[in-house]
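Scroll down for the structure; my scribbles are underneath it.
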Amino acid sequence: GLFVRSGNTTLNNVTITQNFVTNMGAIAYGGGIENFNSSSIVVSNSIIVGNAAEVGQDCSGSITSGGYNLIGFNAGCTITPTAGDQIGTQLEPINARLGALAANGSSTKTHALLSTSPASPAINAGNPATCETTDQRGVSRSQCDIGAFEGSVAGSVTKVVKTYSADNESVLPGTFVCDQTAPTCAAGDAEAQAAHTHAMGVYDLYRSTHGRNGI
């Protein structure tokens with residue numbers, strides 16, 4: 001994610017997803033972007049979806065849209081939609097249909113846009129006039145997709161749920177106990193098993209009902 005304390009920030013053709021924030025003993029804001037001091041942040045042709053925080057899951061604070069953004073969940077941030085923007089709400093968040101973080105033919109990992117029905121709403125939805133000439137991998141942009149990845153791949157999203165035991169540690173996430181490959185979390189104690197089962201159910205609910213791949 002991105003934490004902005006001061007200065008001027010301009011983002012174009014970036015993808016911010018699958019981040020989560022914690023703040024020991026206090027409320028955590030802005031899983032994707034937090035504008036801490038109402039600094040200038042201008043975002044264009046970018047994806048901000050599937051992040052997690054107590055307040056402002058995808059964004060917190062004021063953001064200026066340069067147009068053609070895909071924001072999954074606008075609760076917690078102030079942004080006025082402009083041309084080409086797709087901005088979800090708490091009741092109707094937007095599923096960007098992103099693949100898992102992978103190499104995708106580059107030395108830096110990216111989240112590909114999925115073409116499998118329903119296709120990602122970011123495909124060919126950027127502004128060619130303001131789009132970067134290449135994506136994060138150095139691939140030339142043709143129709144201008146929103147985000148850091150140009151083009152699309154066939155595929156599906158795989159559920160990842162991990163449960164940790166804090167063990168009175170001062171640093172999160174703590175000690176790994178189990179993941180989605182062990183639905184009953186047999187390796188954990190009763191509390192871990194209950195928490196893991198609940199987390200699996202909540203993930204499935206958000207994905208099926210609200211179209212979110214991350215919570």
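Letters A, B, ... mark the chains of the structure tokens in the order given; residue numbers begin at 1 per chain; ligand numbers begin at 1, in order shown.
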Exercise. Leaving out A:Ser6 and any residue of its chain fewer than 3 positions from it, which residues lie within 8 Å of it when counting only C-alpha atoms, given as number ranges by chain?
Worked result: A: 36-40
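Once stretch 118-134 of chain A and its same-chain neighbours fewer than 5 positions away are set aside, Asn12, Asn13, Asn45, Ile47, Gly67, Tyr68, Asn69, Leu70, Gly84, Asn95, Ala96, Arg97, Leu98, Leu113, Val139, Ser140, Arg141, Gln143, Cys144, Asp145, Ile146, Gly147, Glu150, Gly151 and Ser152 of chain A remain within 8 Å of it when counting only C-alpha atoms.
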Just to be explicit: take each residue in the selection above, keep N, CA, C and O atoms, and write the result as a tab-separated table (two decimals), in the first residue's frame.
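The file below, out-v1.tsv, is the result:
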```tsv
chain	number	residue	atom	x	y	z
A	12	ASN	N	-0.06	6.91	-12.03
A	12	ASN	CA	-0.65	6.62	-13.33
A	12	ASN	C	-0.36	5.18	-13.72
A	12	ASN	O	0.79	4.74	-13.66
A	13	ASN	N	-1.41	4.45	-14.06
A	13	ASN	CA	-1.27	3.04	-14.45
A	13	ASN	C	-0.58	2.21	-13.38
A	13	ASN	O	0.39	1.49	-13.63
A	45	ASN	N	-5.87	6.16	-14.41
A	45	ASN	CA	-5.68	4.86	-15.06
A	45	ASN	C	-5.22	3.76	-14.10
A	45	ASN	O	-4.44	2.88	-14.48
A	47	ILE	N	-5.74	0.92	-10.64
A	47	ILE	CA	-6.58	-0.02	-9.92
A	47	ILE	C	-6.24	0.03	-8.43
A	47	ILE	O	-5.07	-0.12	-8.06
A	67	GLY	N	-9.09	10.50	-13.74
A	67	GLY	CA	-9.96	9.77	-14.66
A	67	GLY	C	-9.50	8.35	-14.93
A	67	GLY	O	-8.34	8.00	-14.76
A	68	TYR	N	-10.45	7.50	-15.28
A	68	TYR	CA	-10.20	6.13	-15.75
A	68	TYR	C	-9.55	5.26	-14.67
A	68	TYR	O	-8.63	4.50	-14.94
A	69	ASN	N	-10.07	5.38	-13.45
A	69	ASN	CA	-9.60	4.54	-12.35
A	69	ASN	C	-10.63	3.47	-12.03
A	69	ASN	O	-11.83	3.63	-12.31
A	70	LEU	N	-10.17	2.39	-11.41
A	70	LEU	CA	-11.04	1.34	-10.92
A	70	LEU	C	-10.76	1.19	-9.43
A	70	LEU	O	-9.70	0.71	-9.04
A	84	GLY	N	-14.55	8.11	-17.08
A	84	GLY	CA	-13.95	6.79	-17.14
A	84	GLY	C	-13.78	6.08	-15.82
A	84	GLY	O	-13.35	4.92	-15.78
A	95	ASN	N	-15.39	-5.90	-8.37
A	95	ASN	CA	-14.39	-6.97	-8.48
A	95	ASN	C	-13.55	-6.70	-9.72
A	95	ASN	O	-14.05	-6.71	-10.84
A	96	ALA	N	-12.27	-6.41	-9.53
A	96	ALA	CA	-11.40	-6.09	-10.66
A	96	ALA	C	-10.98	-7.30	-11.47
A	96	ALA	O	-10.40	-7.15	-12.54
A	97	ARG	N	-11.26	-8.51	-10.96
A	97	ARG	CA	-10.90	-9.74	-11.66
A	97	ARG	C	-9.40	-9.77	-11.96
A	97	ARG	O	-8.97	-9.81	-13.11
A	98	LEU	N	-8.62	-9.78	-10.89
A	98	LEU	CA	-7.16	-9.82	-11.00
A	98	LEU	C	-6.64	-11.21	-10.69
A	98	LEU	O	-7.17	-11.90	-9.82
A	113	LEU	N	-4.72	-9.17	-15.59
A	113	LEU	CA	-6.15	-8.99	-15.75
A	113	LEU	C	-6.72	-10.29	-16.32
A	113	LEU	O	-6.21	-10.82	-17.31
A	139	VAL	N	5.95	-4.15	-21.46
A	139	VAL	CA	5.13	-4.51	-22.62
A	139	VAL	C	4.43	-3.26	-23.15
A	139	VAL	O	3.85	-2.48	-22.39
A	140	SER	N	4.49	-3.05	-24.46
A	140	SER	CA	3.85	-1.89	-25.07
A	140	SER	C	2.34	-1.94	-24.87
A	140	SER	O	1.72	-3.00	-24.97
A	141	ARG	N	1.77	-0.78	-24.60
A	141	ARG	CA	0.32	-0.70	-24.42
A	141	ARG	C	-0.34	-0.44	-25.76
A	141	ARG	O	0.12	0.38	-26.55
A	143	GLN	N	-4.45	-0.91	-26.37
A	143	GLN	CA	-5.76	-0.29	-26.13
A	143	GLN	C	-5.81	0.46	-24.80
A	143	GLN	O	-6.77	1.13	-24.51
A	144	CYS	N	-4.81	0.34	-23.99
A	144	CYS	CA	-4.71	0.97	-22.67
A	144	CYS	C	-5.65	0.34	-21.65
A	144	CYS	O	-6.83	0.71	-21.53
A	145	ASP	N	-5.13	-0.64	-20.95
A	145	ASP	CA	-5.86	-1.24	-19.83
A	145	ASP	C	-5.58	-0.41	-18.57
A	145	ASP	O	-4.52	0.19	-18.42
A	146	ILE	N	-6.53	-0.41	-17.65
A	146	ILE	CA	-6.32	0.24	-16.37
A	146	ILE	C	-5.36	-0.62	-15.54
A	146	ILE	O	-5.44	-1.84	-15.55
A	147	GLY	N	-4.47	0.03	-14.82
A	147	GLY	CA	-3.56	-0.68	-13.93
A	147	GLY	C	-2.17	-0.87	-14.50
A	147	GLY	O	-1.82	-0.33	-15.56
A	150	GLU	N	-0.77	-4.68	-18.87
A	150	GLU	CA	-1.45	-4.54	-20.17
A	150	GLU	C	-1.70	-5.92	-20.76
A	150	GLU	O	-0.82	-6.77	-20.79
A	151	GLY	N	-2.93	-6.13	-21.25
A	151	GLY	CA	-3.29	-7.43	-21.79
A	151	GLY	C	-4.07	-8.23	-20.77
A	151	GLY	O	-4.42	-7.73	-19.70
A	152	SER	N	-4.36	-9.47	-21.09
A	152	SER	CA	-5.14	-10.30	-20.18
A	152	SER	C	-4.75	-11.76	-20.35
A	152	SER	O	-4.15	-12.16	-21.35
```
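The shortest atom-to-atom distance to A:Ala194, with only C-alpha atoms taken into account, belongs to A:Thr163 out of A:Ser117, A:Thr158, A:Thr163, A:Gln180.
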I'd like a table as JSON lines: residues in stretch 59-111 of chain A with an atom no more than 12 Å from stretch 203-206 of chain A, each row giving the shortest atom pair and its distance in Å to one decimal, only C-alpha atoms counted, sorted by chain and rising residue number.
```
{"residue": "A:Gln90", "atom": "CA", "partner": "A:Tyr206", "partner_atom": "CA", "distance": 11.3}
{"residue": "A:Leu91", "atom": "CA", "partner": "A:Tyr206", "partner_atom": "CA", "distance": 11.0}
{"residue": "A:Glu92", "atom": "CA", "partner": "A:Tyr206", "partner_atom": "CA", "distance": 10.9}
{"residue": "A:Pro93", "atom": "CA", "partner": "A:Tyr206", "partner_atom": "CA", "distance": 9.8}
{"residue": "A:Ile94", "atom": "CA", "partner": "A:Tyr206", "partner_atom": "CA", "distance": 11.4}
{"residue": "A:Asn95", "atom": "CA", "partner": "A:Tyr206", "partner_atom": "CA", "distance": 10.5}
```
Exercise. Between A:Val49, A:Val14, A:Ala195, A:Val177, which has the minimum distance to A:Gln136 (counting only C-alpha atoms)?
Worked result: A:Val14
For this session: One decimal, Å: what's the distance from atom CA of A:Gly66 over to atom CA of A:Leu114, could you say?
Result: 24.4 Å
For this session: Tell me, as a list in words, which residues lie within 10 Å of A:Gly1, counting only C-alpha atoms; anything in the same chain fewer than 4 positions away does not count.
Result: Thr15, Ile16, Thr17, Gln18, Asn19, Phe20, Val21, Gly30, Gly31, Gly32, Ile33, Glu34, Ile48, Asn51, Ala52, Asp58 and Cys59 of chain A
For this session: Run DSSP on the backbone and give me the residues of stretch 114-198 of chain A it puts in helix (DSSP H, G or I), as a ChimeraX atom specification.
Result: /A:190-198
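In this comparison, which uses only C-alpha atoms, the residue of A:Ala112, A:Ile71, A:Ile41, A:Ile79 approaching A:Ala148 most closely is A:Ala112.
One finds atom CA of A:Leu101 at 28.9 Å from atom CA of A:Thr82.
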